[in-house]
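K.L.:
The following file, structure28.cif, comprises mmCIF, C-alpha atoms and all ligand atoms:
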```
data_coords
#
loop_
_atom_site.label_atom_id
_atom_site.label_comp_id
_atom_site.auth_asym_id
_atom_site.auth_seq_id
_atom_site.Cartn_x
_atom_site.Cartn_y
_atom_site.Cartn_z
CA MET A 1 -7.39 34.27 22.56
CA PRO A 2 -11.18 34.30 22.27
CA LEU A 3 -12.60 35.14 18.89
CA SER A 4 -14.59 37.98 20.42
CA ASN A 5 -11.49 40.01 21.33
CA PRO A 6 -8.92 39.63 18.58
CA TRP A 7 -7.03 42.93 19.16
CA LYS A 8 -6.19 42.74 22.87
CA ILE A 9 -8.31 45.77 23.60
CA SER A 10 -10.74 45.94 26.49
CA PRO A 11 -13.72 43.58 26.17
CA ALA A 12 -16.08 46.55 26.04
CA VAL A 13 -14.13 48.07 23.15
CA ALA A 14 -13.89 44.76 21.33
CA ALA A 15 -17.63 44.32 21.68
CA LEU A 16 -18.09 47.72 20.04
CA VAL A 17 -15.72 46.89 17.21
CA LEU A 18 -17.36 43.59 16.52
CA ALA A 19 -20.96 44.51 17.17
CA GLY A 20 -21.15 48.05 15.79
CA CYS A 21 -20.71 51.24 17.77
CA GLN A 22 -23.47 52.70 19.88
CA ASN A 23 -23.75 56.02 18.05
CA GLU A 24 -26.43 58.63 18.69
CA ARG A 25 -28.00 57.09 15.61
CA PRO A 26 -27.91 53.43 16.59
CA LEU A 27 -26.71 50.94 14.02
CA PRO A 28 -29.04 48.11 13.09
CA PRO A 29 -28.13 44.70 14.51
CA PRO A 30 -24.87 43.36 13.05
CA GLN A 31 -25.21 41.24 9.94
CA PRO A 32 -23.58 37.82 9.81
CA ILE A 33 -20.21 38.39 8.16
CA THR A 34 -19.82 34.96 6.65
CA ALA A 35 -22.81 35.24 4.32
CA LEU A 36 -23.84 37.76 1.70
CA PRO A 37 -26.80 39.91 2.74
CA GLU A 38 -30.16 38.28 2.08
CA PRO A 39 -31.89 39.75 -0.94
CA VAL A 40 -34.34 42.32 0.33
CA VAL A 41 -37.94 41.41 -0.35
CA ALA A 42 -40.14 44.36 0.54
CA PRO A 43 -43.33 43.48 2.39
CA THR A 44 -46.34 45.29 0.99
CA ASN A 45 -46.37 49.04 1.63
CA LEU A 46 -43.03 48.96 3.49
CA PRO A 47 -39.79 50.34 2.01
CA PRO A 48 -36.86 47.91 1.74
CA ARG A 49 -34.74 47.67 4.90
CA PRO A 50 -31.81 50.13 4.55
CA PRO A 51 -28.30 48.68 4.47
CA PRO A 52 -26.07 49.08 7.55
CA PRO A 53 -24.80 52.69 7.62
CA VAL A 54 -21.13 51.71 7.82
CA TRP A 55 -19.63 54.35 5.56
CA GLN A 56 -22.55 56.50 4.47
CA ASP A 57 -21.53 59.44 6.71
CA LEU A 58 -17.95 59.32 5.41
CA VAL A 59 -15.97 62.58 5.64
CA PHE A 60 -12.47 63.42 4.41
CA PRO A 61 -9.61 63.23 6.97
CA THR A 62 -9.21 67.04 7.01
CA ALA A 63 -11.22 70.08 5.85
CA GLN A 64 -9.56 69.63 2.43
CA THR A 65 -12.50 68.52 0.29
CA GLY A 66 -10.69 68.53 -3.06
CA LEU A 67 -9.11 65.07 -2.76
CA LEU A 68 -11.11 63.57 -5.62
CA LYS A 69 -10.89 66.49 -8.05
CA GLY A 70 -7.69 65.40 -9.75
CA ASP A 71 -5.61 68.35 -8.54
CA LEU A 72 -2.34 66.95 -7.16
CA ARG A 73 -1.61 70.21 -5.31
CA VAL A 74 -3.84 69.07 -2.44
CA PHE A 75 -1.29 66.33 -1.72
CA MET A 76 2.23 66.60 -0.32
CA PRO A 77 4.88 64.96 -2.51
CA THR A 78 8.25 63.78 -1.19
CA LEU A 79 9.90 65.88 -3.93
CA PRO A 80 8.18 68.78 -5.74
CA GLN A 81 9.23 67.37 -9.14
CA HIS A 82 7.37 64.11 -8.35
CA PRO A 83 3.84 65.30 -7.43
CA GLU A 84 2.47 61.75 -7.70
CA SER A 85 4.67 60.64 -4.77
CA GLY A 86 2.02 61.94 -2.33
CA LEU A 87 -0.40 59.35 -3.67
CA PHE A 88 -0.89 55.65 -2.88
CA GLY A 89 1.07 52.94 -4.67
CA SER A 90 4.43 52.13 -6.15
CA VAL A 91 5.17 55.82 -6.55
CA ARG A 92 8.52 56.11 -4.81
CA SER A 93 12.03 54.73 -5.27
CA GLY A 94 14.72 54.01 -2.70
CA THR A 95 18.24 55.39 -2.98
CA LYS A 96 19.28 52.36 -5.04
CA GLY A 97 16.30 52.72 -7.38
CA GLN A 98 14.37 49.90 -5.71
CA ALA A 99 10.57 50.06 -5.53
CA ARG A 100 9.13 51.63 -2.41
CA PHE A 101 5.45 51.38 -1.74
CA HIS A 102 3.46 54.25 -0.25
CA GLU A 103 0.50 52.67 1.55
CA GLY A 104 -1.53 55.84 1.98
CA ILE A 105 -2.04 59.39 0.77
CA ASP A 106 -0.26 62.48 2.11
CA ILE A 107 -2.70 65.39 2.44
CA ALA A 108 -1.19 68.88 2.49
CA PRO A 109 -2.31 71.45 5.10
CA LEU A 110 -4.86 74.17 4.43
CA GLN A 111 -3.87 76.11 7.53
CA ARG A 112 -0.56 77.02 9.17
CA ASP A 113 0.05 78.66 12.52
CA ARG A 114 2.23 81.74 13.15
CA ARG A 115 5.36 79.58 13.10
CA GLY A 116 4.38 78.08 9.77
CA GLU A 117 3.51 74.69 11.25
CA PRO A 118 0.52 72.77 9.79
CA ALA A 119 -2.57 73.49 11.89
CA ASP A 120 -5.44 71.54 10.30
CA ALA A 121 -7.67 69.42 12.52
CA VAL A 122 -7.45 65.73 11.56
CA ARG A 123 -10.70 63.84 12.00
CA SER A 124 -12.05 60.32 11.86
CA VAL A 125 -13.50 59.61 8.42
CA ALA A 126 -16.24 57.36 9.83
CA GLY A 127 -17.71 56.11 13.08
CA GLY A 128 -15.68 53.56 14.99
CA VAL A 129 -13.53 53.08 18.04
CA VAL A 130 -9.95 54.21 18.59
CA GLY A 131 -7.86 51.03 18.45
CA TYR A 132 -4.42 52.48 19.13
CA THR A 133 -2.55 55.72 19.65
CA SER A 134 1.22 56.15 19.51
CA GLY A 135 2.21 59.40 21.19
CA ILE A 136 6.01 59.21 20.97
CA ALA A 137 7.14 60.86 17.75
CA GLY A 138 10.40 58.92 17.41
CA ASN A 139 8.85 55.48 17.88
CA SER A 140 7.69 55.07 14.29
CA ASN A 141 8.14 56.55 10.85
CA TYR A 142 4.42 57.31 11.28
CA GLY A 143 5.46 59.65 14.14
CA LYS A 144 2.50 60.22 16.45
CA TYR A 145 -0.37 58.25 14.99
CA VAL A 146 -3.95 57.17 15.65
CA ILE A 147 -5.72 54.04 14.42
CA VAL A 148 -9.52 53.86 14.34
CA LEU A 149 -11.29 50.52 13.85
CA HIS A 150 -14.53 50.46 11.89
CA THR A 151 -17.20 47.78 11.68
CA ASP A 152 -17.75 46.46 8.18
CA PRO A 153 -19.35 43.31 6.77
CA VAL A 154 -15.83 42.11 5.87
CA GLY A 155 -14.63 42.45 9.49
CA ALA A 156 -12.65 45.20 11.26
CA VAL A 157 -11.34 47.87 8.86
CA TYR A 158 -8.65 50.26 10.11
CA THR A 159 -8.03 53.88 9.25
CA LEU A 160 -4.70 55.46 10.21
CA TYR A 161 -3.73 59.12 10.65
CA ALA A 162 0.02 59.74 10.94
CA HIS A 163 2.65 62.46 11.57
CA LEU A 164 0.28 64.24 13.98
CA ALA A 165 1.55 67.16 16.08
CA SER A 166 -0.81 66.20 18.90
CA ILE A 167 -3.38 63.51 19.65
CA ALA A 168 -6.83 64.28 21.09
CA VAL A 169 -8.26 60.77 21.65
CA LYS A 170 -7.54 57.69 23.74
CA PRO A 171 -7.66 53.99 22.86
CA GLY A 172 -11.16 52.66 23.41
CA GLN A 173 -12.83 55.96 22.71
CA VAL A 174 -15.88 55.80 20.46
CA VAL A 175 -15.70 58.32 17.61
CA GLN A 176 -18.13 59.51 14.96
CA ALA A 177 -17.46 60.57 11.40
CA GLY A 178 -15.76 63.96 11.83
CA THR A 179 -14.60 63.53 15.46
CA PRO A 180 -11.27 65.41 15.83
CA LEU A 181 -8.39 62.99 16.44
CA GLY A 182 -5.56 65.52 16.67
CA ILE A 183 -3.69 68.25 14.83
CA MET A 184 -1.76 67.75 11.61
CA GLY A 185 2.01 67.85 12.04
CA ARG A 186 5.28 66.41 10.82
CA THR A 187 6.30 63.95 13.53
CA SER A 188 8.29 60.90 12.40
CA SER A 189 11.33 58.84 13.35
CA SER A 190 13.09 60.58 10.42
CA PRO A 191 12.72 64.35 10.15
CA ILE A 192 10.03 65.92 7.96
CA PRO A 193 10.76 69.57 7.13
CA ARG A 194 8.17 72.15 8.17
CA GLU A 195 7.13 72.94 4.61
CA ARG A 196 6.37 69.21 4.06
CA GLY A 197 4.08 68.77 7.07
CA HIS A 198 1.04 66.64 6.15
CA VAL A 199 -1.27 63.90 7.37
CA HIS A 200 -0.59 60.40 6.05
CA PHE A 201 -3.93 58.63 5.76
CA GLU A 202 -4.46 54.87 5.27
CA ILE A 203 -7.42 52.52 5.13
CA GLY A 204 -7.23 48.73 5.01
CA LEU A 205 -7.13 45.41 6.85
CA LEU A 206 -5.00 44.03 9.69
CA HIS A 207 -2.98 41.06 8.57
CA ASN A 208 -2.35 38.87 11.60
CA GLU A 209 -3.51 38.82 15.20
CA ARG A 210 -0.29 36.93 15.95
CA PHE A 211 1.90 39.71 14.51
CA ALA A 212 2.87 41.02 17.96
CA PRO A 213 4.30 37.68 19.20
CA TRP A 214 6.08 37.20 15.83
CA TYR A 215 7.65 40.65 16.15
CA ARG A 216 8.60 40.17 19.80
CA ALA A 217 10.13 36.75 19.08
CA GLN A 218 12.64 38.53 16.86
CA LYS A 219 13.39 41.03 19.63
CA LEU A 220 12.39 43.88 17.33
CA LYS A 221 11.50 47.33 18.66
CA PRO A 222 9.59 49.58 19.08
CA ASP A 223 6.59 47.49 20.01
CA HIS A 224 3.26 48.73 18.64
CA GLY A 225 1.55 45.40 19.28
CA ASN A 226 -0.62 44.40 16.35
CA PHE A 227 -0.82 48.02 15.21
CA HIS A 228 2.68 48.10 13.74
CA GLY A 229 2.76 49.43 10.16
CA GLN A 230 4.05 46.09 8.89
CA ASN A 231 0.81 44.45 10.05
CA LEU A 232 -1.38 47.01 8.27
CA ALA A 233 -2.28 46.48 4.64
CA GLY A 234 -3.89 49.46 2.95
CA VAL A 235 -5.88 50.01 -0.21
CA ASP A 236 -5.76 53.18 -2.29
CA PRO A 237 -7.76 55.61 -0.11
CA LEU A 238 -8.74 57.73 -3.12
CA ALA A 239 -10.04 54.67 -4.96
CA PHE A 240 -12.16 53.75 -1.93
CA LEU A 241 -13.43 57.32 -1.40
CA ARG A 242 -14.32 57.61 -5.08
CA TRP A 243 -16.01 54.20 -5.09
CA GLN A 244 -17.92 55.02 -1.93
CA GLN A 245 -19.30 58.27 -3.44
CA ALA A 246 -20.69 56.21 -6.31
CA HIS A 247 -21.95 53.46 -3.94
CA PRO A 248 -23.05 55.27 -0.74
CA ALA A 249 -24.60 52.11 0.69
CA GLY A 250 -21.64 49.93 -0.27
CA SER A 251 -19.34 48.22 2.20
CA PHE A 252 -15.57 47.89 2.30
CA ARG A 253 -16.10 44.23 1.46
CA ASP A 254 -17.92 45.24 -1.73
CA PHE A 255 -15.06 47.60 -2.61
CA LEU A 256 -12.40 44.94 -2.00
CA ALA A 257 -14.17 42.66 -4.46
CA THR A 258 -13.46 45.25 -7.20
CA GLN A 259 -9.69 45.33 -6.55
CA PRO A 260 -7.49 43.42 -9.02
CA ALA A 261 -4.77 41.10 -7.74
CA ALA A 262 -1.14 41.88 -8.58
CA PHE A 263 -0.01 38.27 -8.10
CA THR A 264 -1.02 34.95 -6.57
CA LEU A 265 1.06 33.02 -4.10
CA ALA A 266 0.69 29.29 -3.51
CA VAL A 267 2.17 28.31 -0.16
CA LYS A 268 2.03 25.64 2.57
CA PRO A 269 1.10 27.47 5.78
CA PRO A 270 1.84 25.71 9.06
CA ARG A 271 -1.72 26.41 10.24
CA ALA A 272 -4.91 28.11 9.07
CA LEU A 273 -4.29 31.81 8.52
CA ASP A 274 -5.62 34.06 11.28
CA PHE A 275 -6.45 36.53 8.48
CA PHE A 276 -9.29 34.36 7.18
CA ARG A 277 -10.60 33.68 10.67
CA ARG A 278 -11.16 37.42 11.06
CA TYR A 279 -12.10 38.07 7.42
CA PRO A 280 -13.97 34.86 6.54
CA ALA A 281 -15.75 36.47 3.58
CA LEU A 282 -12.41 36.63 1.74
CA TRP A 283 -12.00 32.83 1.73
CA GLU A 284 -13.47 31.07 -1.30
CA GLY A 285 -14.81 27.55 -1.36
CA GLU A 286 -14.02 24.63 0.89
CA ARG A 287 -12.40 25.40 4.23
CA PRO A 288 -9.30 23.44 5.22
CA ARG A 289 -9.49 21.10 8.19
CA GLU A 290 -7.74 22.12 11.42
CA PRO A 291 -5.05 21.14 12.14
CA PHE A 292 -3.94 21.26 8.54
CA PRO A 293 -3.31 17.88 6.96
CA ALA A 294 0.38 17.73 5.97
CA GLY A 295 1.02 19.36 2.61
CA THR A 296 -2.08 21.56 2.59
CA VAL A 297 -1.51 24.28 -0.02
CA VAL A 298 -3.42 27.54 -0.07
CA VAL A 299 -3.46 30.10 -2.88
CA LEU A 300 -3.54 33.77 -1.92
CA SER A 301 -4.52 36.55 -4.34
CA CYS A 302 -2.55 39.61 -3.30
CA ALA A 303 -2.50 43.32 -4.06
CA ALA A 304 0.87 44.91 -4.91
CA ASN A 305 1.53 45.76 -1.25
CA GLY A 306 0.66 42.26 -0.04
CA LEU A 307 -2.92 42.94 1.06
CA VAL A 308 -4.63 39.57 0.76
CA LEU A 309 -7.74 39.98 -1.38
CA LYS A 310 -8.79 36.33 -1.55
CA GLY A 311 -7.72 32.87 -0.44
CA ARG A 312 -8.65 29.32 -1.41
CA LEU A 313 -7.37 25.74 -1.24
CA ALA A 314 -5.05 24.81 -4.10
CA SER A 315 -6.18 22.52 -6.89
CA GLU A 316 -4.55 19.10 -7.13
CA ALA A 317 -2.29 20.33 -9.96
CA GLU A 318 -1.21 23.37 -7.92
CA ARG A 319 -0.55 21.12 -4.92
CA VAL A 320 1.62 18.72 -6.93
CA ALA A 321 3.55 21.65 -8.43
CA LEU A 322 4.46 22.75 -4.94
CA LEU A 323 5.74 19.40 -3.65
CA ARG A 324 9.38 20.50 -3.74
CA ALA A 325 9.06 24.29 -3.62
CA LYS A 326 8.51 26.53 -0.61
CA TYR A 327 6.10 28.70 -2.59
CA ALA A 328 5.05 29.54 -6.14
CA ILE A 329 4.20 32.97 -7.51
CA GLY A 330 1.84 33.20 -10.47
CA GLY A 331 -0.67 35.44 -12.21
CA VAL A 332 1.66 38.45 -12.04
CA ASN A 333 -0.03 41.58 -13.38
CA THR A 334 2.71 44.15 -13.97
CA ALA A 335 0.14 46.88 -14.66
CA VAL A 336 -1.25 46.40 -11.15
CA LEU A 337 2.24 46.18 -9.62
CA GLY A 338 2.74 49.78 -10.71
CA ARG A 339 5.41 51.97 -12.20
CA ASN A 340 8.27 50.88 -10.00
CA GLY A 341 7.29 47.22 -9.84
CA SER A 342 6.88 45.52 -6.51
CA HIS A 343 8.92 45.61 -3.34
CA LEU A 344 7.59 42.13 -2.47
CA ILE A 345 8.34 40.09 -5.60
CA THR A 346 11.06 40.29 -8.21
CA PRO A 347 11.53 38.62 -11.62
CA THR A 348 13.99 35.71 -11.76
CA ARG A 349 15.20 33.60 -14.69
CA GLY A 350 12.44 31.05 -14.26
CA GLY A 351 9.63 33.26 -12.98
CA TRP A 352 9.21 35.33 -9.85
CA ALA A 353 10.61 35.19 -6.31
CA LEU A 354 9.98 36.96 -3.03
CA THR A 355 12.35 39.79 -2.12
CA ASP A 356 13.74 40.06 1.43
CA THR A 357 10.82 42.37 2.22
CA GLY A 358 8.49 39.82 0.62
CA ASN A 359 9.90 37.01 2.77
CA ARG A 360 9.34 39.08 5.92
CA TRP A 361 5.79 39.93 4.79
CA LEU A 362 4.99 36.24 4.25
CA ALA A 363 6.57 35.13 7.54
CA ALA A 364 4.47 37.65 9.47
CA LEU A 365 1.32 36.72 7.58
CA LEU A 366 1.66 32.97 8.16
CA TYR A 367 3.01 33.03 11.73
ZN ZN A 401 2.65 59.10 3.54
#
```
As structure tokens, how would this structure be written, given the file I've shared?
Ligand SMILES: [Zn+2]
P.N.:
Amino acid sequence: MPLSNPWKISPAVAALVLAGCQNERPLPPPQPITALPEPVVAPTNLPPRPPPPVWQDLVFPTAQTGLLKGDLRVFMPTLPQHPESGLFGSVRSGTKGQARFHEGIDIAPLQRDRRGEPADAVRSVAGGVVGYTSGIAGNSNYGKYVIVLHTDPVGAVYTLYAHLASIAVKPGQVVQAGTPLGIMGRTSSSPIPRERGHVHFEIGLLHNERFAPWYRAQKLKPDHGNFHGQNLAGVDPLAFLRWQQAHPAGSFRDFLATQPAAFTLAVKPPRALDFFRRYPALWEGERPREPFPAGTVVVLSCAANGLVLKGRLASEAERVALLRAKYAIGGVNTAVLGRNGSHLITPTRGGWALTDTGNRWLAALLY
């Protein structure tokens, strides 16, 4: 698979994703993503060169503009007595009390049609290209959903819009900030009652280009290619939107650098992680040789939902500590893990271990 087309989309689309979309207002030439921007030195009488307008036209996913005002009534909780359950994070519990992570925000409708169904237009928050649409409601707990890919100095950033009643775009289509993607709804593989119709919105990074073959090798269905929810790792959309208002010229890469890790994981991957090939700015320090010398240990700093924030080669002490173990979890920050703890790691007598969900997350990440 050539580096220039990591998402198995048409070469023209991939070129747009990687090089910046040809909007009416053309983007400046893409910046190298492996290096920090050069400090701007203004020539005499000329203003400094403006930063790439990646997110500066950002709009909210619907006409609801009150997302950052602290009023939880603009969100749609799973249960009315738990208003925070419409937000991002470890805000939900399973039937056995286990932690369940909500990787996006659920925005309530402003409009309903004559039958009481949600009727808000759902729109792309920023310019980009449609990476995937899933039009069969029962094929995912996202229901009908759209993924838009955005160019950012960190690499491709995805936004996701789920539970749509209808979809108005096609994969490969170039969209602007505000382009309608579809109509809010309540589609899902498990029923959502009419009064709970909402749009589930996510923003984040795609974990592994090799996710699709990993998933197919296990004969799992339905097949969403690399755009399966398990391969999508979101950040708190409200945190990003709030941060972006304060830093209009900032990039998603800049925002990620502000996000605290929930835990670190030292592990011996069988090969270099595809993740750092596509998001090289998130790797720190010396790069491992390819193929990996036997026993190469990498240390991943992870958010509570498994989003990899940083990676590096292990120190000698960390490498020796992992001679007999499959992995080692450290640096656990329970405040960052959230109210319900993590669905990926669990305390044991001697420390921390991966849960079944955590083992699946790691297998898909390293495949
Ligand atoms: Zn949701």
K.L.:
Which residues are near Met184 of chain A? Cut-off 9 Å, only C-alpha atoms, ignore same chain within fewer than 5 positions. Put them as a PyMOL selection string.
P.N.:
chain A and resi 62+109+117-122+161-166+197-199
K.L.:
Could you report the residues within 12 Å of ligand ZN 401 (chain A), using all atoms listed in the file, as an NGL selection string?
P.N.:
:A and (75-78 or 84-89 or 91-92 or 100-108 or 141-143 or 145 or 160-164 or 186-188 or 192 or 196-202 or 229 or 234 or 236-237)
K.L.:
Here's a test: counting all atoms listed in the file, identify every protein, DNA and RNA residue with an atom at most 8 Å from (-11.5, 30.9, -1.8) in the file's coordinate frame, and state them as a list of chain:residue names.
P.N.:
A:Leu282, A:Trp283, A:Glu284, A:Gly285, A:Glu286, A:Lys310, A:Gly311, A:Arg312, A:Leu313
K.L.:
Given all atoms listed in the file as the basis, pick out the residue of A:Val298, A:Leu206, A:Val157, A:Leu362 nearest to Ala272 of chain A.
P.N.:
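Among A:Val298, A:Leu206, A:Val157, A:Leu362, it is A:Val298 that comes nearest to Ala272 of chain A.
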K.L.:
Given the choices A:Asn208, A:Gln111, A:Gln244, A:Thr296, which gets closest to Trp55 of chain A if the distance is worked out from all atoms listed in the file?
P.N.:
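Selected residue with least distance to Trp55 of chain A: A:Gln244.
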K.L.:
For Thr133 of chain A, find every residue with an atom within 12 Å (counting only C-alpha atoms), except residues of its own chain fewer than 5 positions away, and show them as an NGL selection string.
P.N.:
:A and (139-140 or 142-149 or 159-164 or 166-173 or 181-182 or 224-228)
K.L.:
I need the residues from that last selection saved to file as a PDB file, keeping the file's coordinate frame (with C-alpha atoms), if you can.
P.N.:
```pdb
ATOM      1  CA  ASN A 139       8.850  55.480  17.880  1.00  0.00           C
ATOM      2  CA  SER A 140       7.690  55.070  14.290  1.00  0.00           C
ATOM      3  CA  TYR A 142       4.420  57.310  11.280  1.00  0.00           C
ATOM      4  CA  GLY A 143       5.460  59.650  14.140  1.00  0.00           C
ATOM      5  CA  LYS A 144       2.500  60.220  16.450  1.00  0.00           C
ATOM      6  CA  TYR A 145      -0.370  58.250  14.990  1.00  0.00           C
ATOM      7  CA  VAL A 146      -3.950  57.170  15.650  1.00  0.00           C
ATOM      8  CA  ILE A 147      -5.720  54.040  14.420  1.00  0.00           C
ATOM      9  CA  VAL A 148      -9.520  53.860  14.340  1.00  0.00           C
ATOM     10  CA  LEU A 149     -11.290  50.520  13.850  1.00  0.00           C
ATOM     11  CA  THR A 159      -8.030  53.880   9.250  1.00  0.00           C
ATOM     12  CA  LEU A 160      -4.700  55.460  10.210  1.00  0.00           C
ATOM     13  CA  TYR A 161      -3.730  59.120  10.650  1.00  0.00           C
ATOM     14  CA  ALA A 162       0.020  59.740  10.940  1.00  0.00           C
ATOM     15  CA  HIS A 163       2.650  62.460  11.570  1.00  0.00           C
ATOM     16  CA  LEU A 164       0.280  64.240  13.980  1.00  0.00           C
ATOM     17  CA  SER A 166      -0.810  66.200  18.900  1.00  0.00           C
ATOM     18  CA  ILE A 167      -3.380  63.510  19.650  1.00  0.00           C
ATOM     19  CA  ALA A 168      -6.830  64.280  21.090  1.00  0.00           C
ATOM     20  CA  VAL A 169      -8.260  60.770  21.650  1.00  0.00           C
ATOM     21  CA  LYS A 170      -7.540  57.690  23.740  1.00  0.00           C
ATOM     22  CA  PRO A 171      -7.660  53.990  22.860  1.00  0.00           C
ATOM     23  CA  GLY A 172     -11.160  52.660  23.410  1.00  0.00           C
ATOM     24  CA  GLN A 173     -12.830  55.960  22.710  1.00  0.00           C
ATOM     25  CA  LEU A 181      -8.390  62.990  16.440  1.00  0.00           C
ATOM     26  CA  GLY A 182      -5.560  65.520  16.670  1.00  0.00           C
ATOM     27  CA  HIS A 224       3.260  48.730  18.640  1.00  0.00           C
ATOM     28  CA  GLY A 225       1.550  45.400  19.280  1.00  0.00           C
ATOM     29  CA  ASN A 226      -0.620  44.400  16.350  1.00  0.00           C
ATOM     30  CA  PHE A 227      -0.820  48.020  15.210  1.00  0.00           C
ATOM     31  CA  HIS A 228       2.680  48.100  13.740  1.00  0.00           C
TER      32      HIS A 228
END
```
K.L.:
Between atom CA of Ile136 of chain A and atom CA of Gly358 of chain A, what is the spacing in Å?
P.N.:
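Interatomic distance here is 28.2 Å.
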K.L.:
Rounded to one decimal in Å, what is the spacing between atom CA of Leu68 of chain A and atom CA of Gly116 of chain A?
P.N.:
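Interatomic distance, atom CA of Leu68 of chain A to atom CA of Gly116 of chain A: 26.2 Å.
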K.L.:
Quick one: of A:Val174, A:Leu110, A:Ala261, A:Ala156, who's nearest to Ser124 of chain A, counting only C-alpha atoms?
P.N.:
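When distances to Ser124 of chain A are compared using only C-alpha atoms, the smallest one comes from A:Val174.
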K.L.:
Can you list, as a PyMOL selection string, every protein, DNA or RNA residue that comes within 12 Å of Gly66 of chain A when you count all atoms listed in the file, leaving out same-chain residues fewer than 2 positions away?
P.N.:
chain A and resi 59-64+68-75+107-108+110+238+241-242
K.L.:
Determine the nearest neighbour of Arg253 of chain A from the options A:Val320, A:Ala217, A:Ile203, A:Val154, counting all atoms listed in the file.
P.N.:
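Closest to Arg253 of chain A, using all atoms listed in the file: A:Val154.
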K.L.:
Can you pull out every residue within 9 Å of Leu273 of chain A, counting only C-alpha atoms, but drop anything in the same chain fewer than 6 positions away, and send it as a PyMOL selection string?
P.N.:
chain A and resi 208+365-367
K.L.:
Quick check, in Å to one decimal: how far apart do atom CA of Phe292 of chain A and atom CA of Pro270 of chain A lie?
P.N.:
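Answer for the atom CA of Phe292 of chain A to atom CA of Pro270 of chain A separation: 7.3 Å.
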K.L.:
Please provide as a list in words all residues within 12 Å of segment 323-325 of chain A, with the sequence filter that same-chain residues fewer than 6 positions apart are discarded (counting all atoms listed in the file).
P.N.:
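Once the nearby chain positions are removed, what remains is Leu265, Ala266, Val267, Lys268, Ala294, Gly295, Thr296, Val297, Glu316, Ala317 and Ala353 of chain A.
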K.L.:
Go through A:Ile183, A:Ala304, A:Ala335, A:Leu256 and flag the residue nearest Trp361 of chain A, using only C-alpha atoms for the distances.
P.N.:
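So, comparing all the options, the nearest one is A:Ala304.
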K.L.:
Hey, which of A:Ala246, A:Ala262, A:Leu79, A:Ala364 ends up closest to Gly330 of chain A? Count all atoms listed in the file.
P.N.:
A:Ala262
